[in-house]
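Source file: model-v2.json; contents: JSON, C-alpha atoms.
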```json
[["chain", "number", "residue", "atom", "x", "y", "z"],
["A", 265, "MET", "CA", 67.79, 158.17, -19.75],
["A", 266, "ARG", "CA", 70.35, 155.37, -19.78],
["A", 267, "PHE", "CA", 74.11, 155.57, -20.29],
["A", 268, "LEU", "CA", 76.69, 152.95, -21.18],
["A", 269, "ASN", "CA", 78.82, 151.34, -18.55],
["A", 270, "ILE", "CA", 82.10, 152.96, -19.58],
["A", 271, "LYS", "CA", 83.94, 150.49, -17.37],
["A", 272, "THR", "CA", 83.31, 147.75, -19.93],
["A", 273, "ASP", "CA", 86.11, 147.61, -22.48],
["A", 274, "TYR", "CA", 83.86, 147.84, -25.57],
["A", 275, "ALA", "CA", 81.93, 150.85, -24.27],
["A", 276, "PHE", "CA", 85.22, 152.49, -23.32],
["A", 277, "LYS", "CA", 86.50, 152.02, -26.86],
["A", 278, "LYS", "CA", 83.28, 153.37, -28.36],
["A", 279, "VAL", "CA", 83.57, 156.60, -26.37],
["A", 280, "PHE", "CA", 87.33, 157.15, -26.53],
["A", 281, "GLY", "CA", 88.39, 155.20, -29.61],
["A", 282, "SER", "CA", 85.84, 155.97, -32.33],
["A", 283, "GLU", "CA", 86.82, 157.73, -35.53],
["A", 284, "ASN", "CA", 85.25, 160.96, -34.28],
["A", 285, "SER", "CA", 86.69, 160.69, -30.76],
["A", 286, "LYS", "CA", 90.00, 162.46, -31.39],
["A", 287, "ASN", "CA", 89.12, 165.58, -29.39],
["A", 288, "ILE", "CA", 87.57, 163.49, -26.60],
["A", 289, "LEU", "CA", 90.64, 161.31, -26.26],
["A", 290, "LYS", "CA", 92.95, 164.33, -26.50],
["A", 291, "SER", "CA", 91.10, 166.08, -23.68],
["A", 292, "PHE", "CA", 91.16, 162.97, -21.50],
["A", 293, "LEU", "CA", 94.87, 162.31, -22.06],
["A", 294, "ASN", "CA", 95.84, 165.96, -21.55],
["A", 295, "SER", "CA", 94.02, 165.91, -18.20],
["A", 296, "THR", "CA", 95.52, 162.60, -17.08],
["A", 297, "LEU", "CA", 99.01, 162.11, -18.50],
["A", 298, "GLU", "CA", 102.01, 164.04, -17.24],
["A", 299, "LEU", "CA", 103.63, 165.24, -20.46],
["A", 300, "PRO", "CA", 106.21, 167.99, -21.13],
["A", 301, "SER", "CA", 103.62, 169.90, -23.17],
["A", 302, "PRO", "CA", 99.91, 169.51, -23.98],
["A", 303, "ILE", "CA", 98.90, 167.17, -26.79],
["A", 304, "GLU", "CA", 98.02, 169.20, -29.86],
["A", 305, "ASP", "CA", 97.19, 166.34, -32.17],
["A", 306, "LEU", "CA", 96.94, 162.55, -32.17],
["A", 307, "LYS", "CA", 95.88, 159.66, -34.37],
["A", 308, "ILE", "CA", 93.61, 156.88, -33.10],
["A", 309, "VAL", "CA", 94.88, 153.48, -34.21],
["A", 310, "ASP", "CA", 92.31, 150.81, -35.14],
["A", 311, "PRO", "CA", 89.20, 152.87, -34.25],
["A", 312, "TYR", "CA", 85.98, 151.37, -32.87],
["A", 313, "ASN", "CA", 84.06, 149.41, -35.48],
["A", 314, "VAL", "CA", 80.81, 147.58, -34.73],
["A", 315, "PRO", "CA", 81.09, 144.66, -37.22],
["A", 316, "LYS", "CA", 84.65, 143.91, -36.09],
["A", 317, "LEU", "CA", 83.69, 144.06, -32.43],
["A", 318, "GLN", "CA", 80.80, 141.72, -33.00],
["A", 319, "GLY", "CA", 83.14, 139.11, -34.45],
["A", 320, "MET", "CA", 85.63, 139.65, -31.61],
["A", 321, "LYS", "CA", 88.36, 137.77, -33.50],
["A", 322, "GLU", "CA", 89.89, 140.69, -35.39],
["A", 323, "THR", "CA", 89.92, 143.45, -32.87],
["A", 324, "ALA", "CA", 91.60, 144.53, -29.68],
["A", 325, "VAL", "CA", 89.50, 146.23, -27.05],
["A", 326, "ASP", "CA", 92.15, 148.69, -25.93],
["A", 327, "VAL", "CA", 92.49, 152.18, -27.39],
["A", 328, "LYS", "CA", 95.75, 153.04, -29.11],
["A", 329, "ALA", "CA", 96.88, 156.48, -30.18],
["A", 330, "THR", "CA", 99.99, 158.04, -31.67],
["A", 331, "LEU", "CA", 100.76, 161.57, -30.52],
["A", 332, "GLU", "CA", 102.22, 164.29, -32.75],
["A", 333, "ASP", "CA", 105.71, 163.63, -31.34],
["A", 334, "LYS", "CA", 105.26, 159.91, -32.26],
["A", 335, "THR", "CA", 104.81, 158.82, -28.65],
["A", 336, "LYS", "CA", 102.53, 155.77, -28.56],
["A", 337, "VAL", "CA", 99.79, 155.58, -25.94],
["A", 338, "ILE", "CA", 97.91, 152.40, -25.04],
["A", 339, "ILE", "CA", 94.76, 152.91, -22.97],
["A", 340, "GLU", "CA", 93.05, 149.89, -21.44],
["A", 341, "MET", "CA", 89.99, 149.46, -19.24],
["A", 342, "GLN", "CA", 90.09, 146.38, -16.98],
["A", 343, "ILE", "CA", 87.18, 145.38, -14.75],
["A", 344, "LEU", "CA", 88.41, 142.11, -13.22],
["A", 345, "ASN", "CA", 91.81, 141.28, -11.83],
["A", 346, "HIS", "CA", 93.49, 137.99, -12.75],
["A", 347, "ASN", "CA", 96.72, 136.12, -12.24],
["A", 348, "GLY", "CA", 99.55, 137.68, -14.21],
["A", 349, "PHE", "CA", 97.68, 140.93, -14.90],
["A", 350, "GLU", "CA", 100.57, 143.21, -13.91],
["A", 351, "SER", "CA", 103.01, 141.10, -15.94],
["A", 352, "ARG", "CA", 100.69, 141.24, -18.97],
["A", 353, "ILE", "CA", 100.59, 145.05, -18.84],
["A", 354, "LEU", "CA", 104.38, 145.22, -18.70],
["A", 355, "TYR", "CA", 104.74, 142.62, -21.47],
["A", 356, "ASN", "CA", 102.31, 144.38, -23.81],
["A", 357, "THR", "CA", 104.03, 147.73, -23.22],
["A", 358, "ALA", "CA", 107.47, 146.30, -23.90],
["A", 359, "LYS", "CA", 106.16, 144.46, -26.96],
["A", 360, "ASN", "CA", 104.68, 147.65, -28.41],
["A", 361, "TYR", "CA", 108.00, 149.37, -27.76],
["A", 362, "ALA", "CA", 110.10, 146.66, -29.42],
["A", 363, "ASN", "CA", 107.77, 146.07, -32.37],
["A", 364, "GLN", "CA", 108.41, 149.56, -33.70],
["A", 365, "LEU", "CA", 111.68, 148.45, -35.29],
["A", 366, "ASP", "CA", 112.08, 146.32, -38.36],
["A", 367, "LYS", "CA", 115.08, 144.03, -38.61],
["A", 368, "GLY", "CA", 118.27, 146.07, -38.96],
["A", 369, "ALA", "CA", 116.66, 149.38, -37.96],
["A", 370, "LYS", "CA", 118.46, 151.79, -35.65],
["A", 371, "TYR", "CA", 117.55, 151.86, -31.95],
["A", 372, "HIS", "CA", 117.40, 155.64, -31.85],
["A", 373, "LEU", "CA", 114.25, 155.41, -33.98],
["A", 374, "LEU", "CA", 112.32, 153.91, -31.06],
["A", 375, "ASN", "CA", 109.58, 156.19, -29.74],
["A", 376, "PRO", "CA", 108.27, 156.31, -26.15],
["A", 377, "VAL", "CA", 105.32, 154.12, -25.15],
["A", 378, "ILE", "CA", 102.88, 155.03, -22.38],
["A", 379, "ALA", "CA", 100.49, 152.39, -21.04],
["A", 380, "LEU", "CA", 97.52, 153.99, -19.27],
["A", 381, "THR", "CA", 95.49, 151.31, -17.50],
["A", 382, "ILE", "CA", 92.20, 152.06, -15.75],
["A", 383, "VAL", "CA", 91.14, 149.32, -13.33],
["A", 384, "ASN", "CA", 87.95, 148.68, -11.42],
["A", 385, "PHE", "CA", 89.80, 147.10, -8.49],
["A", 386, "LYS", "CA", 92.53, 148.08, -6.05],
["A", 387, "MET", "CA", 96.06, 147.20, -7.17],
["A", 388, "PHE", "CA", 98.38, 148.93, -4.72],
["A", 389, "ASP", "CA", 98.44, 149.47, -0.96],
["A", 390, "PHE", "CA", 98.72, 153.27, -1.08],
["A", 391, "GLU", "CA", 95.64, 155.48, -1.01],
["A", 392, "LYS", "CA", 96.10, 157.67, -4.10],
["A", 393, "TYR", "CA", 94.08, 156.59, -7.13],
["A", 394, "LYS", "CA", 96.65, 157.52, -9.80],
["A", 395, "SER", "CA", 100.18, 156.14, -9.97],
["A", 396, "ILE", "CA", 103.01, 156.45, -12.49],
["A", 397, "PHE", "CA", 105.92, 154.03, -12.86],
["A", 398, "ARG", "CA", 109.18, 154.68, -14.72],
["A", 399, "LEU", "CA", 112.72, 153.25, -14.75],
["A", 400, "LEU", "CA", 114.65, 154.91, -11.91],
["A", 401, "GLU", "CA", 117.97, 154.31, -10.17],
["A", 402, "LYS", "CA", 117.28, 152.59, -6.87],
["A", 403, "GLU", "CA", 118.99, 155.01, -4.45],
["A", 404, "ASN", "CA", 119.11, 158.46, -6.01],
["A", 405, "PHE", "CA", 116.07, 158.01, -8.32],
["A", 406, "THR", "CA", 117.92, 159.13, -11.43],
["A", 407, "GLU", "CA", 115.72, 158.42, -14.44],
["A", 408, "TYR", "CA", 117.25, 155.92, -16.85],
["A", 409, "LYS", "CA", 115.18, 156.80, -19.92],
["A", 410, "ASP", "CA", 111.53, 157.70, -19.97],
["A", 411, "ASP", "CA", 110.70, 155.68, -23.08],
["A", 412, "ILE", "CA", 108.46, 153.28, -21.14],
["A", 413, "GLN", "CA", 105.89, 154.55, -18.67],
["A", 414, "LEU", "CA", 103.14, 152.66, -16.86],
["A", 415, "GLN", "CA", 100.27, 154.67, -15.43],
["A", 416, "PHE", "CA", 97.34, 153.28, -13.46],
["A", 417, "ILE", "CA", 94.03, 154.75, -12.35],
["A", 418, "GLU", "CA", 92.25, 152.73, -9.65],
["A", 419, "LEU", "CA", 88.56, 153.64, -9.81],
["A", 420, "PRO", "CA", 87.57, 152.25, -6.36],
["A", 421, "LYS", "CA", 89.94, 154.78, -4.76],
["A", 422, "PHE", "CA", 88.25, 157.72, -6.51],
["A", 423, "ASP", "CA", 85.37, 158.66, -4.20],
["A", 424, "LYS", "CA", 84.55, 162.24, -5.17],
["A", 425, "THR", "CA", 80.97, 163.28, -5.75],
["A", 426, "LEU", "CA", 80.09, 165.26, -8.86],
["A", 427, "ASP", "CA", 80.01, 168.50, -6.85],
["A", 428, "GLU", "CA", 83.51, 167.76, -5.55],
["A", 429, "CYS", "CA", 84.94, 167.34, -9.05],
["A", 430, "ILE", "CA", 86.80, 170.55, -9.75],
["A", 431, "THR", "CA", 89.48, 169.67, -12.28],
["A", 432, "ILE", "CA", 88.88, 168.31, -15.76],
["A", 433, "GLU", "CA", 90.65, 165.10, -14.69],
["A", 434, "ASP", "CA", 88.21, 164.69, -11.79],
["A", 435, "LYS", "CA", 85.28, 165.03, -14.17],
["A", 436, "TRP", "CA", 86.65, 162.52, -16.67],
["A", 437, "ILE", "CA", 87.27, 159.90, -14.00],
["A", 438, "TYR", "CA", 83.88, 160.55, -12.41],
["A", 439, "PHE", "CA", 82.25, 160.04, -15.81],
["A", 440, "ILE", "CA", 84.09, 156.76, -16.45],
["A", 441, "LYS", "CA", 83.28, 155.40, -13.01],
["A", 442, "ASN", "CA", 79.65, 156.52, -12.70],
["A", 443, "ALA", "CA", 78.19, 156.77, -16.22],
["A", 444, "ARG", "CA", 76.15, 153.56, -15.89],
["A", 445, "ASP", "CA", 74.42, 154.89, -12.75],
["A", 446, "MET", "CA", 73.62, 158.35, -14.09],
["A", 447, "ASP", "CA", 69.95, 159.22, -14.64],
["A", 448, "ILE", "CA", 70.60, 162.55, -16.32],
["A", 449, "ALA", "CA", 73.52, 164.07, -18.16],
["A", 450, "PRO", "CA", 75.83, 166.02, -15.79],
["A", 451, "ALA", "CA", 76.02, 169.76, -16.37],
["A", 452, "PHE", "CA", 79.55, 169.65, -17.75],
["A", 453, "GLN", "CA", 80.89, 172.80, -19.39],
["A", 454, "ASP", "CA", 83.73, 171.23, -21.35],
["A", 455, "PRO", "CA", 82.55, 170.50, -24.93],
["A", 456, "ASP", "CA", 84.56, 167.26, -25.14],
["A", 457, "LEU", "CA", 82.99, 165.92, -21.95],
["A", 458, "ILE", "CA", 79.55, 166.87, -23.25],
["A", 459, "GLU", "CA", 80.25, 165.00, -26.49],
["A", 460, "ALA", "CA", 81.48, 161.95, -24.56],
["A", 461, "VAL", "CA", 78.25, 161.90, -22.53],
["A", 462, "ASP", "CA", 76.24, 162.11, -25.76],
["A", 463, "ILE", "CA", 78.12, 159.10, -27.21],
["A", 464, "ALA", "CA", 77.50, 157.16, -23.98],
["A", 465, "ASN", "CA", 73.77, 157.86, -24.18],
["A", 466, "THR", "CA", 72.23, 154.58, -25.31],
["A", 467, "ALA", "CA", 69.47, 156.48, -27.11],
["A", 468, "SER", "CA", 72.00, 157.30, -29.85],
["A", 469, "MET", "CA", 73.08, 153.67, -30.34],
["A", 470, "THR", "CA", 71.96, 151.17, -32.93],
["A", 471, "LYS", "CA", 70.25, 147.93, -31.97],
["A", 472, "GLU", "CA", 73.39, 146.07, -33.04],
["A", 473, "GLU", "CA", 75.59, 148.15, -30.73],
["A", 474, "LEU", "CA", 73.21, 147.73, -27.79],
["A", 475, "GLU", "CA", 73.28, 143.95, -28.22],
["A", 476, "ILE", "CA", 77.08, 143.95, -28.21],
["A", 477, "GLN", "CA", 77.28, 146.10, -25.09],
["A", 478, "ASP", "CA", 74.62, 144.07, -23.26],
["A", 479, "LYS", "CA", 76.45, 140.85, -24.10],
["A", 480, "ARG", "CA", 79.68, 142.28, -22.77],
["A", 481, "GLU", "CA", 78.08, 143.28, -19.47],
["A", 482, "GLU", "CA", 76.47, 139.85, -19.22],
["A", 483, "PHE", "CA", 79.82, 138.17, -19.85],
["A", 484, "ILE", "CA", 81.53, 140.23, -17.15],
["A", 485, "PHE", "CA", 78.71, 139.42, -14.72],
["A", 486, "MET", "CA", 79.18, 135.71, -15.46],
["A", 487, "GLN", "CA", 82.91, 136.01, -14.86],
["A", 488, "LYS", "CA", 82.38, 137.65, -11.48],
["A", 489, "SER", "CA", 79.73, 135.09, -10.54],
["A", 490, "SER", "CA", 82.02, 132.24, -11.59],
["A", 491, "ILE", "CA", 84.80, 133.58, -9.39],
["A", 492, "GLU", "CA", 82.47, 133.84, -6.40],
["A", 493, "LYS", "CA", 80.89, 130.43, -7.03],
["A", 494, "GLY", "CA", 84.20, 128.65, -7.59],
["A", 495, "THR", "CA", 85.75, 130.19, -4.50],
["A", 496, "GLN", "CA", 82.76, 129.30, -2.33],
["A", 497, "GLU", "CA", 82.51, 125.71, -3.61],
["A", 498, "GLY", "CA", 86.22, 125.18, -3.22],
["A", 499, "TYR", "CA", 86.19, 126.54, 0.29],
["A", 500, "GLN", "CA", 83.24, 124.36, 1.30],
["A", 501, "ARG", "CA", 84.87, 121.28, -0.20],
["A", 502, "GLY", "CA", 88.04, 122.07, 1.68],
["A", 503, "ILE", "CA", 86.16, 122.32, 4.95],
["A", 504, "ALA", "CA", 84.51, 118.93, 4.34],
["A", 505, "GLU", "CA", 87.80, 117.28, 3.55],
["A", 506, "GLY", "CA", 89.40, 119.03, 6.48],
["A", 507, "ILE", "CA", 87.17, 117.13, 8.88],
["A", 508, "GLU", "CA", 88.92, 113.93, 7.83],
["A", 509, "LYS", "CA", 92.39, 115.11, 6.84],
["A", 510, "GLY", "CA", 92.91, 118.09, 9.07],
["A", 511, "ILE", "CA", 91.43, 121.57, 8.96],
["A", 512, "GLU", "CA", 94.56, 123.34, 7.75],
["A", 513, "LYS", "CA", 95.26, 120.93, 4.90],
["A", 514, "GLY", "CA", 91.61, 120.84, 3.86],
["A", 515, "ILE", "CA", 91.28, 124.61, 3.62],
["A", 516, "LYS", "CA", 94.46, 124.83, 1.54],
["A", 517, "GLU", "CA", 93.27, 122.17, -0.89],
["A", 518, "GLY", "CA", 89.85, 123.75, -1.04],
["A", 519, "ARG", "CA", 91.29, 127.08, -2.05],
["A", 520, "GLU", "CA", 93.37, 125.41, -4.74],
["A", 521, "GLU", "CA", 90.33, 123.53, -6.01],
["A", 522, "GLY", "CA", 88.34, 126.76, -5.98],
["A", 523, "ARG", "CA", 90.93, 128.53, -8.08],
["A", 524, "LYS", "CA", 90.97, 125.63, -10.53],
["A", 525, "LYS", "CA", 87.16, 125.55, -10.85],
["A", 526, "GLU", "CA", 87.12, 129.33, -11.16],
["A", 527, "ARG", "CA", 89.54, 129.27, -14.07],
["A", 528, "GLU", "CA", 87.78, 126.36, -15.79],
["A", 529, "GLN", "CA", 84.41, 128.09, -15.53],
["A", 530, "LEU", "CA", 85.85, 131.34, -16.87],
["A", 531, "ILE", "CA", 87.26, 129.48, -19.88],
["A", 532, "ILE", "CA", 83.92, 127.80, -20.59],
["A", 533, "ASN", "CA", 81.93, 131.03, -20.24],
["A", 534, "ALA", "CA", 84.35, 132.94, -22.42],
["A", 535, "PHE", "CA", 84.31, 130.27, -25.14],
["A", 536, "ARG", "CA", 80.51, 130.09, -25.13],
["A", 537, "ASN", "CA", 80.45, 133.88, -25.50],
["A", 538, "GLY", "CA", 82.54, 133.65, -28.65],
["A", 539, "THR", "CA", 85.91, 134.72, -27.26],
["A", 540, "PRO", "CA", 88.83, 133.23, -29.27],
["A", 541, "THR", "CA", 91.00, 130.75, -27.39],
["A", 542, "ASN", "CA", 94.13, 132.89, -27.78],
["A", 543, "ILE", "CA", 92.41, 135.84, -26.05],
["A", 544, "ILE", "CA", 91.06, 133.52, -23.33],
["A", 545, "GLY", "CA", 94.65, 132.39, -22.78],
["A", 546, "ASP", "CA", 95.77, 135.97, -22.11],
["A", 547, "PHE", "CA", 93.01, 136.41, -19.58],
["A", 548, "VAL", "CA", 93.51, 133.20, -17.55],
["A", 549, "ASP", "CA", 97.29, 132.99, -18.03],
["A", 550, "MET", "CA", 97.26, 129.66, -19.92],
["A", 551, "ASN", "CA", 98.65, 128.71, -23.29],
["A", 552, "GLU", "CA", 96.20, 128.21, -26.13],
["A", 553, "GLU", "CA", 97.01, 124.49, -26.60],
["A", 554, "ASP", "CA", 96.07, 123.65, -22.99],
["A", 555, "ILE", "CA", 92.82, 125.61, -23.32],
["A", 556, "ILE", "CA", 91.86, 123.76, -26.51],
["A", 557, "GLU", "CA", 92.66, 120.42, -24.85],
["A", 558, "PHE", "CA", 90.53, 121.31, -21.82],
["A", 559, "LEU", "CA", 87.59, 122.47, -23.96],
["A", 560, "SER", "CA", 87.71, 119.24, -25.98],
["A", 561, "GLY", "CA", 86.69, 117.35, -22.87],
["A", 562, "VAL", "CA", 83.79, 119.66, -21.96],
["A", 563, "GLU", "CA", 80.35, 118.47, -23.04],
["A", 564, "ASP", "CA", 77.55, 120.67, -24.41],
["A", 565, "LEU", "CA", 79.76, 123.45, -25.79]]
```
Starting from the file, lay out its structure as structure tokens.
Amino acid sequence: MRFLNIKTDYAFKKVFGSENSKNILKSFLNSTLELPSPIEDLKIVDPYNVPKLQGMKETAVDVKATLEDKTKVIIEMQILNHNGFESRILYNTAKNYANQLDKGAKYHLLNPVIALTIVNFKMFDFEKYKSIFRLLEKENFTEYKDDIQLQFIELPKFDKTLDECITIEDKWIYFIKNARDMDIAPAFQDPDLIEAVDIANTASMTKEELEIQDKREEFIFMQKSSIEKGTQEGYQRGIAEGIEKGIEKGIKEGREEGRKKEREQLIINAFRNGTPTNIIGDFVDMNEEDIIEFLSGVEDL
């Protein structure tokens, strides 16, 4: 038995953002978000759609939902860290908040926006795996207005075994982190968790969906390999140059060269995999015009 790697963005959207995933997403959000009252109903915006995902140009890979009180929730799964990642999360949250109003509309019509970001790397120095950020007064921590909230779940910090997972939140995070390595379906009692496991079972997927998911995993593997290769090559080059120019200067230049090669290789791999240049720009923190100019000088694309 094989299950999807829920840590990939497309698989995450298939499980939590499909047309029939309302109850699954509601259960997950109720277990994870800190809200005044449980979510009774929600609407999934732009649900998972195989043909659109295959084209990649007309779809976002995050999951968006509108709660019954009109609060907007953006859920994103991110495997690799990159320069500007934290700023991008804040920018996208603020943009979704501001874009609610048409020109001339009243500010009181703005609804809260919650950005829930699940990452497969460590972001913060503290040990807890879940963190929530809001606007607070610096000294007495008075809350300004809770219309914008950033919440992060750092998967590497969650180290519970299945037997140690007591709460429904524990079980959801365990499932997201470990689905790809599961040989059998866990004996969950919650019907929404059971349904999520069934969706993640590759036996229920079409050949088209399997190809998309496999390509996504391959792309992520190439990204990670490019980072490691670029860093290693840059470091080695810096050492060689350091023999002539000085060890300290050589290592510094090598690291800079490594970062440059890493970014260039990521751009090439992403473009070959069919990722639009504007999306590549978000990932590597470059404007689209510079990416197009760089790609124009790359042979064999």
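For the pair atom CA of Ala460 of chain A and atom CA of Lys424 of chain A, the interatomic distance is 19.6 Å.
Between atom CA of Tyr361 of chain A and atom CA of Val377 of chain A the interatomic distance comes to 6.0 Å.
Of note, atom CA of Leu344 of chain A and atom CA of Asn384 of chain A are spaced 6.8 Å apart.
Proximity of A:Asn347, A:Thr431, A:Thr406, A:Asn551 to Phe292 of chain A, computed with all atoms listed in the file, is greatest for A:Thr431.
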Best match for closeness to Arg523 of chain A among A:His346, A:Lys386, A:Lys441, A:Arg352, counting only C-alpha atoms: A:His346
Within 10 Å of Phe439 of chain A using only C-alpha atoms, minus same-chain residues under 4 positions, as a VMD selection string: chain A and resid 269 to 271 426 433 to 435 443 to 446 449 to 450 457 460 to 461 464
Within 6 Å of Glu552 of chain A, counting only C-alpha atoms, which residues qualify if same-chain residues fewer than 5 places away don't, as a PyMOL selection string? chain A and resi 541-542+545
Close residues, Leu400 of chain A itself excluded, 12 Å, only C-alpha atoms, min 4 positions apart in chain, as an NGL selection string: :A and (396 or 404-413)
For Ile338 of chain A: contacts at 9 Å, only C-alpha atoms, fewer than 6 positions along chain excluded, given as a PyMOL selection string: chain A and resi 326-330+357+360+377-381
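Nearest residue to Asp310 of chain A among A:His372, A:Lys334, A:Lys278, A:Arg398 is A:Lys278, counting all atoms listed in the file.
Ranking A:Ile544, A:Ile532, A:Leu297, A:Val562 by their shortest atom-to-atom distance to Ile339 of chain A, with only C-alpha atoms included, puts A:Leu297 first.
With only C-alpha atoms taken into account, the protein and nucleic acid residues at most 6 Å from Ile288 of chain A (excluding it and anything under 3 positions from it in its own chain) are A:Ser285, A:Ser291, A:Asp456.
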Step by step, gather every atom of segment 416-433 of chain A that the file lists, find the box along x, y and z that holds them, add 3 Å on each side, and finally give centre and edge lengths in Å to one decimal, as JSON.
```
{"center_x": 88.7, "center_y": 161.4, "center_z": -10.0, "size_x": 23.3, "size_y": 24.3, "size_z": 17.6}
```
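Of the residues under consideration (A:Phe390, A:Leu419, A:Lys367, A:Ile531), A:Ile531 shows the shortest atom-to-atom contact distance to Asp554 of chain A when counting only C-alpha atoms.
Nearest to Lys392 of chain A of all the residues A:Glu418, A:Glu553, A:Asp427, A:Glu472 is A:Glu418, based on all atoms listed in the file.
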